[in-house]
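Text of final_15.txt (compact mmCIF, C-alpha atoms) as supplied:
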```txt
# COMPACT_ATOMS: atom_id res chain seq x y z
CA MET O 103 136.65 56.02 -64.86
CA ARG O 104 135.41 57.27 -61.54
CA PRO O 105 134.03 60.60 -62.74
CA ARG O 106 132.40 58.87 -65.70
CA LEU O 107 130.60 56.39 -63.37
CA LYS O 108 129.47 59.28 -61.26
CA LEU O 109 128.15 61.07 -64.31
CA LEU O 110 126.29 57.96 -65.43
CA ALA O 111 124.73 57.54 -61.98
CA ALA O 112 123.69 61.17 -61.97
CA ALA O 113 122.19 60.83 -65.45
CA LEU O 114 120.28 57.70 -64.44
CA LEU O 115 118.97 59.44 -61.35
CA ALA O 116 117.81 62.41 -63.41
CA ILE O 117 116.03 60.15 -65.87
CA CYS O 118 114.30 58.27 -63.06
CA ALA O 119 113.22 61.51 -61.44
CA ALA O 120 111.90 62.86 -64.73
CA ALA O 121 110.04 59.63 -65.44
CA GLY O 122 108.63 59.69 -61.93
CA THR O 123 107.38 63.22 -62.38
CA LEU O 124 105.91 62.34 -65.74
CA MET O 125 104.11 59.30 -64.37
CA ALA O 126 102.89 61.27 -61.41
CA GLN O 127 101.44 63.84 -63.79
CA ASP O 128 99.98 61.15 -66.01
CA ALA O 129 97.56 59.78 -63.42
CA PRO O 130 95.49 62.13 -61.31
CA ARG O 131 95.67 61.76 -57.57
CA LEU O 132 92.96 59.37 -56.44
CA THR O 133 93.82 59.49 -52.77
CA GLY O 134 92.65 62.94 -51.76
CA PRO O 135 94.60 66.07 -50.89
CA GLU O 136 98.25 66.38 -49.96
CA PRO O 137 98.73 66.25 -47.00
CA PHE O 138 95.71 64.05 -46.47
CA THR O 139 94.68 65.91 -43.31
CA ARG O 140 93.85 69.03 -45.31
CA GLU O 141 90.13 69.61 -45.71
CA THR O 142 88.85 70.15 -49.22
CA THR O 143 85.45 70.91 -50.63
CA ALA O 144 83.74 67.87 -52.08
CA PRO O 145 83.25 67.81 -55.85
CA PRO O 146 79.67 68.49 -56.91
CA MET O 147 77.30 65.55 -57.16
CA GLN O 148 76.93 64.34 -60.70
CA ARG O 149 73.57 64.18 -62.38
CA ALA O 150 72.26 60.66 -62.97
CA VAL O 151 71.54 59.55 -66.53
CA THR O 152 67.81 58.82 -66.50
CA ASN O 153 66.84 59.08 -70.16
CA ASP O 154 65.42 55.54 -70.29
CA VAL O 155 67.49 54.62 -73.35
CA ARG O 156 69.07 51.20 -73.11
CA VAL O 157 72.85 51.33 -73.09
CA ARG O 158 74.83 49.04 -75.38
CA ARG O 159 76.76 46.37 -73.52
CA ASN O 160 80.52 46.56 -73.94
CA TYR O 161 80.77 42.76 -73.95
CA PRO O 162 78.03 40.14 -74.17
CA ASP O 163 77.97 39.14 -70.51
CA GLN O 164 78.15 42.64 -69.11
CA PRO O 165 75.27 43.24 -66.69
CA PRO O 166 73.01 45.78 -68.42
CA LEU O 167 73.19 49.30 -67.03
CA ILE O 168 70.20 50.99 -65.38
CA PRO O 169 69.05 53.89 -67.58
CA HIS O 170 66.47 55.27 -65.14
CA ALA O 171 66.32 56.94 -61.74
CA ILE O 172 66.45 54.57 -58.80
CA GLU O 173 66.61 57.13 -56.02
CA GLY O 174 64.59 55.99 -53.04
CA TYR O 175 63.95 52.51 -54.44
CA ALA O 176 63.77 49.92 -51.71
CA LEU O 177 66.29 47.11 -52.00
CA ASP O 178 66.67 45.31 -48.71
CA LEU O 179 65.56 42.16 -46.95
CA ASN O 180 61.97 43.37 -46.82
CA ALA O 181 61.41 44.70 -50.28
CA ASN O 182 62.89 44.74 -53.78
CA LYS O 183 61.48 47.56 -55.85
CA CYS O 184 63.36 46.51 -58.99
CA MET O 185 61.35 43.32 -59.18
CA SER O 186 58.08 45.25 -59.12
CA CYS O 187 58.77 45.93 -62.80
CA HIS O 188 61.44 43.46 -63.92
CA ALA O 189 59.93 40.28 -62.47
CA ARG O 190 58.43 38.02 -65.11
CA ARG O 191 54.84 38.49 -64.01
CA PHE O 192 55.05 42.28 -63.94
CA THR O 193 56.75 42.88 -67.29
CA GLU O 194 53.51 43.18 -69.22
CA GLN O 195 52.19 46.12 -67.23
CA SER O 196 55.60 47.71 -66.77
CA GLN O 197 57.00 47.04 -70.28
CA ALA O 198 60.38 46.61 -68.61
CA PRO O 199 62.86 43.93 -69.67
CA MET O 200 62.53 40.72 -67.66
CA VAL O 201 65.48 39.63 -65.53
CA SER O 202 67.44 37.16 -67.63
CA VAL O 203 66.98 33.42 -67.25
CA THR O 204 70.40 33.14 -65.64
CA HIS O 205 68.77 34.77 -62.63
CA PHE O 206 66.55 31.75 -62.14
CA GLN O 207 69.47 29.39 -61.58
CA ASP O 208 71.25 28.59 -58.40
CA ARG O 209 75.03 28.26 -58.31
CA GLU O 210 74.89 24.59 -59.33
CA GLY O 211 72.95 25.48 -62.45
CA ASN O 212 69.64 24.09 -61.23
CA THR O 213 66.70 26.05 -62.57
CA LEU O 214 64.47 27.51 -59.86
CA GLY O 215 60.87 28.69 -59.97
CA GLY O 216 61.74 32.31 -59.35
CA LEU O 217 64.55 34.74 -58.73
CA SER O 218 67.57 33.01 -57.25
CA PRO O 219 68.51 34.35 -53.81
CA ARG O 220 72.06 34.99 -55.02
CA ARG O 221 70.65 37.34 -57.67
CA TYR O 222 68.47 39.29 -55.24
CA VAL O 223 70.73 42.29 -54.75
CA CYS O 224 70.38 43.81 -58.20
CA LEU O 225 72.74 46.71 -57.53
CA SER O 226 75.66 44.37 -56.96
CA CYS O 227 75.98 44.11 -60.74
CA HIS O 228 73.53 46.53 -62.35
CA VAL O 229 74.32 50.18 -61.79
CA PRO O 230 73.03 53.52 -63.00
CA GLN O 231 75.39 55.97 -64.68
CA THR O 232 76.12 59.63 -64.09
CA GLU O 233 77.36 62.35 -66.39
CA ALA O 234 80.71 62.48 -64.57
CA ARG O 235 83.82 62.69 -66.75
CA PRO O 236 86.17 59.74 -66.14
CA LEU O 237 89.17 60.59 -63.96
CA VAL O 238 91.49 58.45 -66.05
CA GLU O 239 91.43 57.69 -69.73
CA ASN O 240 89.52 54.55 -70.59
CA ARG O 241 91.46 52.39 -73.01
CA PHE O 242 88.83 49.69 -73.30
CA THR O 243 88.36 48.50 -76.87
CA ASP O 244 85.19 46.87 -78.07
CA MET O 245 85.61 43.30 -79.33
CA ASP O 246 84.03 44.28 -82.62
CA ALA O 247 86.61 47.03 -83.10
CA LEU O 248 89.43 44.61 -82.28
CA THR O 249 88.31 42.08 -84.87
CA GLN O 250 87.26 44.64 -87.43
CA THR O 251 90.37 44.37 -89.60
CA GLU O 252 90.34 40.59 -89.48
CA ARG O 253 86.69 40.36 -90.43
CA SER O 254 86.93 42.92 -93.20
CA GLY O 255 89.96 41.03 -94.61
CA ARG O 256 87.91 37.83 -94.85
CA GLY O 257 84.88 39.54 -96.22
CA GLY O 258 83.38 40.09 -92.79
CA ARG O 259 80.03 39.04 -91.41
CA MET A 47 13.88 28.28 -18.33
CA THR A 48 10.82 30.48 -18.90
CA ARG A 49 10.61 34.13 -18.09
CA PRO A 50 8.10 35.13 -15.41
CA GLU A 51 5.04 36.90 -16.80
CA ALA A 52 5.08 40.73 -16.63
CA PRO A 53 2.84 42.05 -13.84
CA PRO A 54 -0.54 43.41 -14.99
CA PRO A 55 -0.59 47.21 -15.61
CA ASP A 56 -1.46 49.32 -12.56
CA PRO A 57 -4.45 51.60 -13.41
CA SER A 58 -3.47 54.15 -10.72
CA ARG A 59 -0.20 55.16 -12.44
CA PRO A 60 -0.29 57.68 -15.37
CA ASN A 61 2.28 55.86 -17.47
CA PRO A 62 1.66 52.19 -17.21
CA SER A 63 5.10 51.07 -18.50
CA PRO A 64 7.71 53.86 -18.60
CA GLY A 65 10.39 51.56 -19.96
CA ARG A 66 14.09 51.68 -19.16
CA LEU A 67 14.69 55.09 -20.81
CA GLY A 68 11.67 56.66 -19.16
CA ARG A 69 12.67 55.31 -15.76
CA THR A 70 16.18 56.69 -16.14
CA TRP A 71 14.79 60.08 -17.14
CA GLN A 72 12.50 60.17 -14.13
CA TRP A 73 15.38 59.24 -11.89
CA ALA A 74 17.58 61.95 -13.43
CA ARG A 75 14.88 64.59 -12.87
CA GLY A 76 15.07 63.85 -9.19
CA ASN A 77 18.70 65.03 -9.24
CA VAL A 78 19.09 68.61 -7.95
CA LEU A 79 21.56 69.61 -10.67
CA VAL A 80 19.32 68.39 -13.45
CA ARG A 81 16.35 70.18 -11.90
CA THR A 82 18.31 73.44 -11.78
CA ALA A 83 19.47 73.02 -15.34
CA LEU A 84 15.95 72.48 -16.57
CA SER A 85 14.33 75.37 -14.71
CA PRO A 86 14.41 78.98 -16.07
CA ALA A 87 17.22 81.32 -14.97
CA THR A 88 16.25 83.42 -11.98
CA HIS A 89 19.33 85.66 -11.49
CA TYR A 90 20.85 86.31 -14.92
CA SER A 91 19.38 88.35 -17.71
CA LEU A 92 18.60 86.86 -21.08
CA ALA A 93 21.23 89.15 -22.69
CA PHE A 94 23.87 87.98 -20.26
CA LEU A 95 23.10 84.36 -20.88
CA THR A 96 22.95 84.59 -24.66
CA LEU A 97 25.97 86.86 -25.07
CA GLY A 98 27.88 84.96 -22.39
CA GLY A 99 27.03 81.71 -24.12
CA PHE A 100 28.17 83.14 -27.41
CA LEU A 101 31.44 84.39 -25.96
CA MET A 102 32.12 81.14 -24.17
CA GLY A 103 31.36 79.36 -27.42
CA VAL A 104 33.98 81.44 -29.19
CA VAL A 105 36.50 80.76 -26.44
CA PHE A 106 35.74 77.05 -26.41
CA TRP A 107 35.82 76.70 -30.18
CA GLY A 108 39.01 78.74 -30.46
CA GLY A 109 40.64 76.71 -27.73
CA PHE A 110 39.54 73.48 -29.35
CA ASN A 111 40.96 74.45 -32.72
CA THR A 112 44.16 75.73 -31.16
CA ALA A 113 44.64 72.43 -29.36
CA LEU A 114 43.76 70.57 -32.56
CA GLU A 115 46.35 72.48 -34.57
CA ALA A 116 48.94 72.21 -31.80
CA THR A 117 48.70 68.43 -32.03
CA ASN A 118 48.85 68.62 -35.82
CA ARG A 119 52.48 69.58 -36.21
CA THR A 120 55.54 67.48 -36.96
CA ASP A 121 57.16 68.83 -33.80
CA PHE A 122 54.32 67.38 -31.76
CA CYS A 123 54.54 64.00 -33.52
CA VAL A 124 58.26 63.64 -32.93
CA SER A 125 57.96 64.58 -29.28
CA CYS A 126 57.27 60.87 -28.74
CA HIS A 127 60.26 58.59 -29.10
CA GLU A 128 58.28 56.07 -31.17
CA MET A 129 58.01 58.59 -33.98
CA ARG A 130 61.30 60.40 -33.45
CA ASP A 131 63.53 57.33 -33.37
CA ASN A 132 61.87 55.30 -36.11
CA VAL A 133 59.77 56.90 -38.80
CA PHE A 134 61.13 60.43 -38.48
CA GLN A 135 64.71 59.23 -38.99
CA GLU A 136 63.67 57.54 -42.20
CA LEU A 137 61.69 60.51 -43.43
CA GLN A 138 64.72 62.78 -43.22
CA ASN A 139 66.47 60.94 -46.04
CA THR A 140 63.61 61.26 -48.47
CA VAL A 141 62.60 63.79 -51.08
CA HIS A 142 59.61 64.84 -49.03
CA PHE A 143 61.91 66.23 -46.35
CA THR A 144 64.71 67.87 -48.33
CA ASN A 145 64.67 68.63 -52.02
CA ARG A 146 65.86 71.20 -54.51
CA SER A 147 62.91 73.56 -54.18
CA GLY A 148 62.78 73.51 -50.39
CA VAL A 149 59.20 72.35 -49.96
CA ARG A 150 58.70 70.06 -47.00
CA ALA A 151 55.91 67.68 -46.13
CA GLY A 152 55.71 66.97 -42.40
CA CYS A 153 53.90 64.13 -40.67
CA PRO A 154 50.34 65.58 -40.66
CA ASP A 155 50.55 66.58 -44.32
CA CYS A 156 50.35 62.92 -45.29
CA HIS A 157 48.90 61.23 -42.23
CA VAL A 158 46.07 63.56 -41.19
CA PRO A 159 43.27 64.40 -43.65
CA HIS A 160 43.03 68.13 -44.21
CA GLU A 161 39.25 68.20 -44.47
CA TRP A 162 37.55 68.81 -41.12
CA THR A 163 35.28 65.79 -40.65
CA ASN A 164 37.89 63.27 -41.70
CA LYS A 165 40.48 65.11 -39.66
CA ILE A 166 38.39 64.73 -36.48
CA GLY A 167 37.82 61.07 -37.35
CA ARG A 168 41.55 60.52 -37.70
CA LYS A 169 42.20 62.42 -34.48
CA MET A 170 39.82 60.11 -32.63
CA GLN A 171 41.62 57.11 -34.09
CA ALA A 172 44.87 58.62 -32.87
CA SER A 173 43.72 58.14 -29.28
CA MET A 174 44.75 54.53 -29.90
CA GLU A 175 48.27 55.81 -30.47
CA VAL A 176 48.19 57.55 -27.09
CA TRP A 177 47.13 54.21 -25.61
CA GLY A 178 50.05 52.54 -27.38
CA HIS A 179 52.44 55.17 -26.07
CA ILE A 180 51.25 54.78 -22.47
CA PHE A 181 51.36 51.00 -22.53
CA GLY A 182 54.56 50.73 -24.55
CA THR A 183 53.29 48.93 -27.65
CA LEU A 184 56.29 50.29 -29.60
CA ALA A 185 58.66 50.68 -26.67
CA THR A 186 61.68 49.28 -28.51
CA ARG A 187 62.98 49.19 -32.06
CA GLU A 188 62.14 45.48 -32.18
CA ASP A 189 58.55 46.21 -31.19
CA PHE A 190 58.36 48.77 -33.94
CA LEU A 191 59.74 46.40 -36.58
CA ALA A 192 57.37 43.66 -35.47
CA ASN A 193 54.39 45.99 -35.86
CA ARG A 194 55.54 47.79 -38.99
CA ARG A 195 53.60 45.71 -41.52
CA ARG A 196 50.37 46.08 -39.52
CA MET A 197 50.75 49.84 -39.21
CA ALA A 198 51.78 50.25 -42.83
CA GLU A 199 48.71 48.33 -43.93
CA HIS A 200 46.50 50.73 -41.96
CA GLU A 201 47.95 53.60 -43.96
CA TRP A 202 47.73 51.78 -47.30
CA THR A 203 44.11 50.90 -46.60
CA ARG A 204 43.26 54.47 -45.67
CA MET A 205 44.93 55.89 -48.76
CA SER A 206 43.39 53.32 -51.10
CA ALA A 207 39.97 54.12 -49.65
CA ASN A 208 40.22 57.90 -50.07
CA ASP A 209 41.97 57.75 -53.48
CA SER A 210 45.29 58.91 -52.00
CA LEU A 211 43.71 62.14 -50.80
CA GLU A 212 46.73 63.20 -48.78
CA CYS A 213 49.02 62.85 -51.83
CA ARG A 214 46.57 64.82 -53.92
CA ASN A 215 46.51 67.71 -51.48
CA CYS A 216 49.78 68.68 -53.16
CA HIS A 217 50.09 66.49 -56.27
CA SER A 218 47.17 66.85 -58.64
CA THR A 219 46.88 65.13 -61.98
CA GLY A 220 45.76 68.39 -63.52
CA SER A 221 48.98 70.18 -62.64
CA MET A 222 51.26 67.33 -63.70
CA ASP A 223 53.46 68.18 -66.68
CA LEU A 224 54.17 64.85 -68.31
CA SER A 225 56.81 66.35 -70.57
CA LYS A 226 58.83 67.23 -67.46
CA GLN A 227 58.69 63.65 -66.23
CA ASN A 228 60.98 61.01 -67.54
CA PRO A 229 59.37 58.86 -70.24
CA ARG A 230 58.95 55.87 -67.98
CA ALA A 231 57.06 57.83 -65.32
CA ALA A 232 54.98 59.67 -67.91
CA ALA A 233 53.91 56.43 -69.56
CA ALA A 234 52.99 54.85 -66.24
CA HIS A 235 50.98 57.88 -65.09
CA GLU A 236 49.18 58.10 -68.41
CA ARG A 237 48.28 54.45 -68.36
CA PHE A 238 47.38 53.87 -64.73
CA LEU A 239 46.81 57.18 -62.94
CA PHE A 240 44.88 59.19 -65.53
CA THR A 241 42.61 56.28 -66.34
CA GLY A 242 41.83 55.88 -62.65
CA GLU A 243 42.95 52.28 -62.76
CA LYS A 244 45.30 52.84 -59.86
CA THR A 245 45.79 55.45 -57.20
CA CYS A 246 49.08 56.95 -55.98
CA ILE A 247 49.63 54.58 -53.08
CA ASP A 248 49.24 51.48 -55.27
CA CYS A 249 52.69 52.13 -56.78
CA HIS A 250 54.28 54.68 -54.45
CA LYS A 251 54.57 52.68 -51.24
CA GLY A 252 57.45 53.34 -48.90
CA ILE A 253 58.36 56.72 -50.37
CA ALA A 254 58.71 58.42 -47.01
CA HIS A 255 59.58 55.47 -44.76
CA LYS A 256 61.28 52.13 -45.14
CA LEU A 257 59.06 49.25 -46.13
CA PRO A 258 57.99 46.29 -44.00
CA ASP A 259 58.29 42.74 -45.29
CA MET A 260 56.37 43.01 -48.56
CA THR A 261 55.58 39.33 -48.96
CA GLY A 262 52.10 38.99 -50.42
CA VAL A 263 51.55 42.69 -51.11
CA PRO A 264 50.14 43.13 -54.64
CA GLY A 265 52.77 44.45 -57.03
CA TRP A 266 55.67 43.12 -55.02
CA ARG A 267 57.37 39.83 -55.55
```
When written as structure tokens, how does the structure in this file appear?
Amino acid sequence: MRPRLKLLAAALLAICAAAGTLMAQDAPRLTGPEPFTRETTAPPMQRAVTNDVRVRRNYPDQPPLIPHAIEGYALDLNANKCMSCHARRFTEQSQAPMVSVTHFQDREGNTLGGLSPRRYVCLSCHVPQTEARPLVENRFTDMDALTQTERSGRGGR
Amino acid sequence: MTRPEAPPPDPSRPNPSPGRLGRTWQWARGNVLVRTALSPATHYSLAFLTLGGFLMGVVFWGGFNTALEATNRTDFCVSCHEMRDNVFQELQNTVHFTNRSGVRAGCPDCHVPHEWTNKIGRKMQASMEVWGHIFGTLATREDFLANRRRMAEHEWTRMSANDSLECRNCHSTGSMDLSKQNPRAAAAHERFLFTGEKTCIDCHKGIAHKLPDMTGVPGWR
């Protein structure tokens, strides 16, 4: 009995170790070098996607992505460069999409005359993209893909 | 109150009423230095005076231009703390200071006209900046922030008036390749810049420095 228990414990330990190694290999290190005091060269800066093509939203209330360069654009207490194109009164000359009507509401749902102060910092939600490859696999599935089988079974819409 | 009548003209004097200018001139002619300056040279030859005048002219003009160019460098601008601690810090983060091709625009490239007459005009205006330095108009960061909108408006006004001349010293519409620009920029340049409807500064404010409070500036919310 004793040796068998020992064997079992050893086997369990081996399995845990193997699983640990596997899991460690599965996800890349996100916390820098080992040991962390070692200096490494920074990865190259990724090129921003600035092709001006609107990106599909992954879900209806996703804040739209920024498909253009925003380098050097002022966004502080003094100035908001985004609104020089996306504000309602500038959309005709800029041909840019207007900020959505949700941006005219305060947190109680009252409609305001202009951009709500809580929506002022555009980059809190809207971000540009780069050509960087994701560090971990993205398992996000589009709602349409999830309901595809169901919809096709009922004739779909 | 009525003015007293002018005295009747004195017939004994050659010029009955010399006027203020004439009186000043007559007084100046009494001065020994002015008399010497107006009389012909007695010791120096004509060749000495003309060639000497020419040489001194060269020296003076060379010295003037040297001094002018010495004060027309970024190093000179940032030798004052007002420039070094405020606007120069902001410039260093922008594309006009470091970029992929290594071209750099310093202070005078954008803030001093390159053409001579306008350059001298701007230089004379800059004496106000010396005044501000001496009397501490921008002594602290708070002073600078309080004056930023005023100073920025001076620059916007100047660039609107001369059709963004300082931008166009490097960026010309003729050498712009729209196909190399992103579609958004190309469309905007085609519609507003090439038609002359707007000039560079109308859209490109705050490209080298941070912006002041933009409330009420056209094109800003």
Neighbour list for Thr120 of chain A as an MDAnalysis selection string, cut-off 7 Å, all atoms listed in the file, skip fewer than 2 positions in-chain: chainID A and resid 118 122:124 152:154
Counting all atoms listed in the file, what are the residues of chain O within 7 Å of chain A, and for each of them which pair of atoms is the nearest and at what distance in Å, to one decimal? Sort the table by chain and rising number, as a Markdown table.
```
| residue | atom | partner | partner_atom | distance |
| --- | --- | --- | --- | --- |
| O:Asn153 | CA | A:Asn228 | CA | 6.7 |
| O:Asp154 | CA | A:Arg230 | CA | 6.9 |
| O:Gly174 | CA | A:Ile253 | CA | 6.8 |
| O:Asn180 | CA | A:Asp259 | CA | 4.0 |
| O:Ala181 | CA | A:Met260 | CA | 5.6 |
| O:Met185 | CA | A:Arg267 | CA | 6.4 |
| O:Ser186 | CA | A:Trp266 | CA | 5.2 |
```
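The space separating atom CA of Gly178 of chain A from atom CA of Ala198 of chain A comes to 15.7 Å.
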Between atom CA of Pro169 of chain O and atom CA of Val157 of chain O, distance in Å (one decimal):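 It comes out at 7.2 Å.
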Two-atom distance - atom CA of His200 of chain A, atom CA of Thr163 of chain A (Å):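 It comes out at 18.8 Å.
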Selection near segment 192-206 of chain O, 12 Å with all atoms listed in the file, sequence-local residues under 2 positions removed, as a VMD selection string: (chain O and resid 154 to 156 163 165 to 170 183 to 190 208 to 224 227 to 228) or (chain A and resid 230 to 231 233 to 235 237 to 238 243 249 264 to 267)
